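A.B. asks: Sharing a structure below in structure tokens format, with a few things to ask.
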Amino acid sequence: MTTKANATDDSFHVFDTTLRDGAQREGINLTVADKLTIARHLDTFGVGYIEGGWPGANPRDTEFFARAQKEITFENAQLVAFGATRRAGGSAADDPQVKALLNSGAPVITLVAKSHDRHVELALRTTLEENLEMVRDTVSHLREQGRRVFVDCEHFFDGYRANAAYAKSVVRTAHEAGAEVVILCDTNGGMLPAQVQAVVATVIADTGARLGIHAQDDTGCAVANTLAAVDAGATHVQCTANGYGERVGNANLFPVVAALELKYGMKVLPEGALAEMTRISHAIAEVVNLTPSTHQPYVGVSAFAHKAGLHASAIKVDPDLYQHIDPELVGNTMRMLVSDMAGRASIELKGKELGVDLGDDRALVGRVVERVKERELQGYTYEAADASFELLLRGEVEGRARRYFRTESWRAIVEDRPDGTHANEATVKLWAKGERIVATAEGNGPVNALDRALRVALERIYPQLAKLELIDYKVRILEGRTGTESTTRVLITTGDGAGDWATVGVAENVIAASWQALEDAYTYGLLRAGVEPTE
């Protein structure tokens, strides 16, 4: 492992703990390869410090540090090893886990220390004075070995409430022993911004230590608490990508950094890195195998999405009227959602976004608005199905629906066998380029069988369809209008390796709705491939 000089000034630290604290989120189980990949993403983003885990505590973290030394050249970040102060009654020089921290090769070490008197007495089962000596001895020893040291004061705010004098003595001891930064941890996540700001300001005044903040999100205030600490003088923020972490999570790295850069005017990332934020957020979500939150501030796909017609009218004049920043600053984009709330401005802006020229034809735009409202009354939703909306829009502009094939009929059969298994078979009959085609296929369900039959029928004529892959499939039963009647809406997401798109179908049964969505998906795929319609 080699490390270049930090890309940002050491006067302010952006410290990421996704690989340690973030990995404690329920549902996340990172391999060493996952951790190495995430570390590279975070370094590219430009954080100053990446906490890689607790070497010696488990084989995975020990292996991570060993491999990081050989496999990663950090451009912006310093790698950090996490561990605890030495055991009570011993010495740091002889403590096995302190030795493991040194053996990790990490240039920076974060020590967790007890700062709540009850935790010292009940969890560590030692005296308050011995706890201070554990902090002093461990920090001093690591500094003597040439390591930079940060100290996390665990449960600090609860400890401060219970015994402020002792909590501050832990901070003071760590600072005097050589810790560069002492981090006040809201371990239980119960603090509010005004409380955090007051405590941080008091502790800075009373100890003279450089302080950081580590906030959990149990009150939904982790980002606000982090910024409140900065307002009070903290110059080190600990966060996790996408807010991952134990229970409800940690302070989210991305809104914290965006606020510092765009709202506070602080330069905490390398030049141009902020524009990579959305991509980095989604890339890390992919590694941990969690769907990116669509409504996450700054980086969510809905962060700059506008639905109401009133908003669209204003945005058409000036996007800043309904957006707090230009989404391109964080690598995101503005999206117009088309729904039954749509007005003329929404349709015009959406057409521009999709590259469909509506000109100044007010009658055309009016027809599209009415068509959307009529279809949404039937159960369609275009805000989640841009591809289906684009096909509808192009159909109105061109005066006819875009067709690459014409369906004569389709049939799906589910056979219940005596052994308890099921067989799914579908047959489609259609016309394409003047040729009548009949195709049959089996699948692991009736919709899958229809998809395969459609492929069998069309791939010979349209080889571009071989790239298409069904990525996601959602079914919703809409409220019935009379008695037990109901309407089914199906949303299908399809990809071609270069991008993906969503289509919608609505019918009285799930198979018919699925067929509609499949037809749109294949039609849009051919449109993307530049194929001219033939029907």
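Identifiers in this document derive from the order of the structure tokens: chains are assigned A, B, ..., residues are numbered from 1 separately in each chain, and ligands are numbered from 1 in order of occurrence.
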Run DSSP on the backbone of this structure and report the residues of stretch 110-198 of chain A it assigns to strand (DSSP E), as a ChimeraX atom specification.
C.D. replies: /A:110-114,148-154,181-186
A.B. asks: Filtering to N, CA and C atoms, could you give me those residues as a tab-separated table (two decimals), in the first residue's frame?
C.D. replies:
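Okay, selection28.tsv is ready:
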chain	number	residue	atom	x	y	z
A	110	THR	N	-7.34	4.73	14.77
A	110	THR	CA	-8.40	5.28	15.60
A	110	THR	C	-8.63	4.35	16.78
A	111	LEU	N	-8.53	4.91	17.96
A	111	LEU	CA	-8.77	4.15	19.19
A	111	LEU	C	-10.14	4.49	19.74
A	112	VAL	N	-10.91	3.48	20.10
A	112	VAL	CA	-12.18	3.73	20.78
A	112	VAL	C	-11.91	3.70	22.28
A	113	ALA	N	-12.40	4.72	22.99
A	113	ALA	CA	-12.18	4.84	24.44
A	113	ALA	C	-13.51	5.11	25.12
A	114	LYS	N	-13.65	4.59	26.32
A	114	LYS	CA	-14.86	4.83	27.09
A	114	LYS	C	-14.82	6.25	27.68
A	148	ARG	N	-0.07	8.22	13.46
A	148	ARG	CA	-1.04	9.26	13.79
A	148	ARG	C	-2.18	8.61	14.55
A	149	VAL	N	-2.73	9.30	15.54
A	149	VAL	CA	-3.76	8.70	16.39
A	149	VAL	C	-4.97	9.63	16.51
A	150	PHE	N	-6.15	9.05	16.26
A	150	PHE	CA	-7.43	9.70	16.55
A	150	PHE	C	-8.08	8.89	17.68
A	151	VAL	N	-8.86	9.54	18.52
A	151	VAL	CA	-9.54	8.83	19.61
A	151	VAL	C	-11.04	9.05	19.52
A	152	ASP	N	-11.79	7.96	19.40
A	152	ASP	CA	-13.26	8.01	19.43
A	152	ASP	C	-13.73	7.89	20.88
A	153	CYS	N	-14.36	8.93	21.40
A	153	CYS	CA	-14.93	8.87	22.75
A	153	CYS	C	-16.34	8.29	22.66
A	154	GLU	N	-16.43	6.99	22.89
A	154	GLU	CA	-17.69	6.27	22.76
A	154	GLU	C	-18.70	6.75	23.79
A	181	VAL	N	-6.87	14.26	16.95
A	181	VAL	CA	-8.28	14.62	17.01
A	181	VAL	C	-8.96	13.72	18.03
A	182	VAL	N	-9.87	14.30	18.79
A	182	VAL	CA	-10.71	13.52	19.70
A	182	VAL	C	-12.14	13.64	19.19
A	183	ILE	N	-12.75	12.51	18.92
A	183	ILE	CA	-14.07	12.50	18.28
A	183	ILE	C	-15.14	12.25	19.33
A	184	LEU	N	-16.13	13.13	19.37
A	184	LEU	CA	-17.26	12.97	20.28
A	184	LEU	C	-18.31	12.12	19.58
A	185	CYS	N	-18.61	10.96	20.15
A	185	CYS	CA	-19.50	10.00	19.49
A	185	CYS	C	-20.89	10.00	20.13
A	186	ASP	N	-21.89	10.22	19.30
A	186	ASP	CA	-23.28	10.04	19.73
A	186	ASP	C	-23.66	8.60	19.41
A.B. asks: Please extract the residues of stretch 38-270 of chain A with a backbone DSSP assignment of helix (DSSP H, G or I) and present them as a VMD selection string.
C.D. replies: chain A and resid 38 to 45 59 to 71 92 to 94 96 to 103 117 to 124 128 to 144 156 to 162 164 to 177 193 to 207 222 to 232 241 to 243 253 to 263
A.B. asks: Please, what distance in Å, to one decimal, runs between atom CA of A:Ala385 and atom CA of A:Gln516?
C.D. replies: 12.5 Å
A.B. asks: For stretch 261-267 of chain A, list every protein, DNA or RNA residue within 9 Å, evaluated using only C-alpha atoms, and leave out those in the same chain fewer than 3 positions away; present the list as a list in words.
C.D. replies: Thr8, Asp9, Val256, Val257, Ala258, Pro270, Glu271, Leu274, Ile325 and Leu329 of chain A
A.B. asks: Can you tell me which residues surround stretch 437-450 of chain A at a distance of at most 9 Å, considering only C-alpha atoms, apart from same-chain residues fewer than 4 positions away, and format the answer as a list in words?
C.D. replies: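 Within the cut-off, the hits are Trp410, Arg411, Ala412, Ile413, Val414, His422, Ala423, Asn424, Glu425, Ala426, Thr427, Val428, Lys429, Leu430, Trp431, Ala432, Leu454, Arg455, Val456, Ala457, Leu458, Val510, Ile511, Ser514, Trp515 and Leu518 of chain A.
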A.B. asks: Could you name the residues that touch A:Val504 at 6 Å or less, counting only C-alpha atoms, but leaving out those on the same chain fewer than 4 positions away, as a PyMOL selection string?
C.D. replies: chain A and resi 385+490-491+517
A.B. asks: Near stretch 128-144 of chain A, counting only C-alpha atoms, which residues have an atom at most 10 Å away, once you skip same-chain residues fewer than 4 positions from it, shown as an MDAnalysis selection string?
C.D. replies: chainID A and resid 84:93 95 98:99 101:102 108:121 124 148:151 166 169:180
A.B. asks: Take atom CA of A:Ala194 and atom CA of A:Asp218 and report the distance between them in Å, one decimal.
C.D. replies: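 Between atom CA of A:Ala194 and atom CA of A:Asp218 the gap works out to 15.9 Å.
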A.B. asks: With only C-alpha atoms counted and 12 Å as the cut-off, give the residues of stretch 223-319 of chain A in contact with stretch 47-69 of chain A, each with its shortest interatomic distance in Å and the pair that gives it, as a Markdown table.
C.D. replies:
| residue | atom | partner | partner_atom | distance |
| --- | --- | --- | --- | --- |
| A:His236 | CA | A:Gly48 | CA | 10.0 |
| A:Val237 | CA | A:Tyr49 | CA | 10.2 |
| A:Gln238 | CA | A:Tyr49 | CA | 9.2 |
| A:Cys239 | CA | A:Ile50 | CA | 10.0 |
| A:Thr240 | CA | A:Ile50 | CA | 9.8 |
| A:Ala241 | CA | A:Val47 | CA | 10.8 |
| A:Leu253 | CA | A:Val47 | CA | 9.4 |
| A:Phe254 | CA | A:Val47 | CA | 10.7 |
| A:Val256 | CA | A:Val47 | CA | 11.8 |
| A:Val257 | CA | A:Val47 | CA | 9.3 |
| A:Lys267 | CA | A:Val47 | CA | 11.6 |
| A:Val268 | CA | A:Val47 | CA | 8.0 |
| A:Leu269 | CA | A:Val47 | CA | 6.7 |
| A:Pro270 | CA | A:Val47 | CA | 8.7 |
| A:Ala273 | CA | A:Val47 | CA | 9.6 |
| A:Leu274 | CA | A:Val47 | CA | 10.7 |
| A:Met277 | CA | A:Val47 | CA | 11.3 |
| A:Ile280 | CA | A:Val47 | CA | 11.8 |
A.B. asks: Just checking: using only C-alpha atoms, which residue out of A:Thr187, A:Thr488, A:Thr207, A:Asn29 ends up closest to A:Ala512?
C.D. replies: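 Of the candidates, the smallest distance to A:Ala512 is held by A:Thr488.
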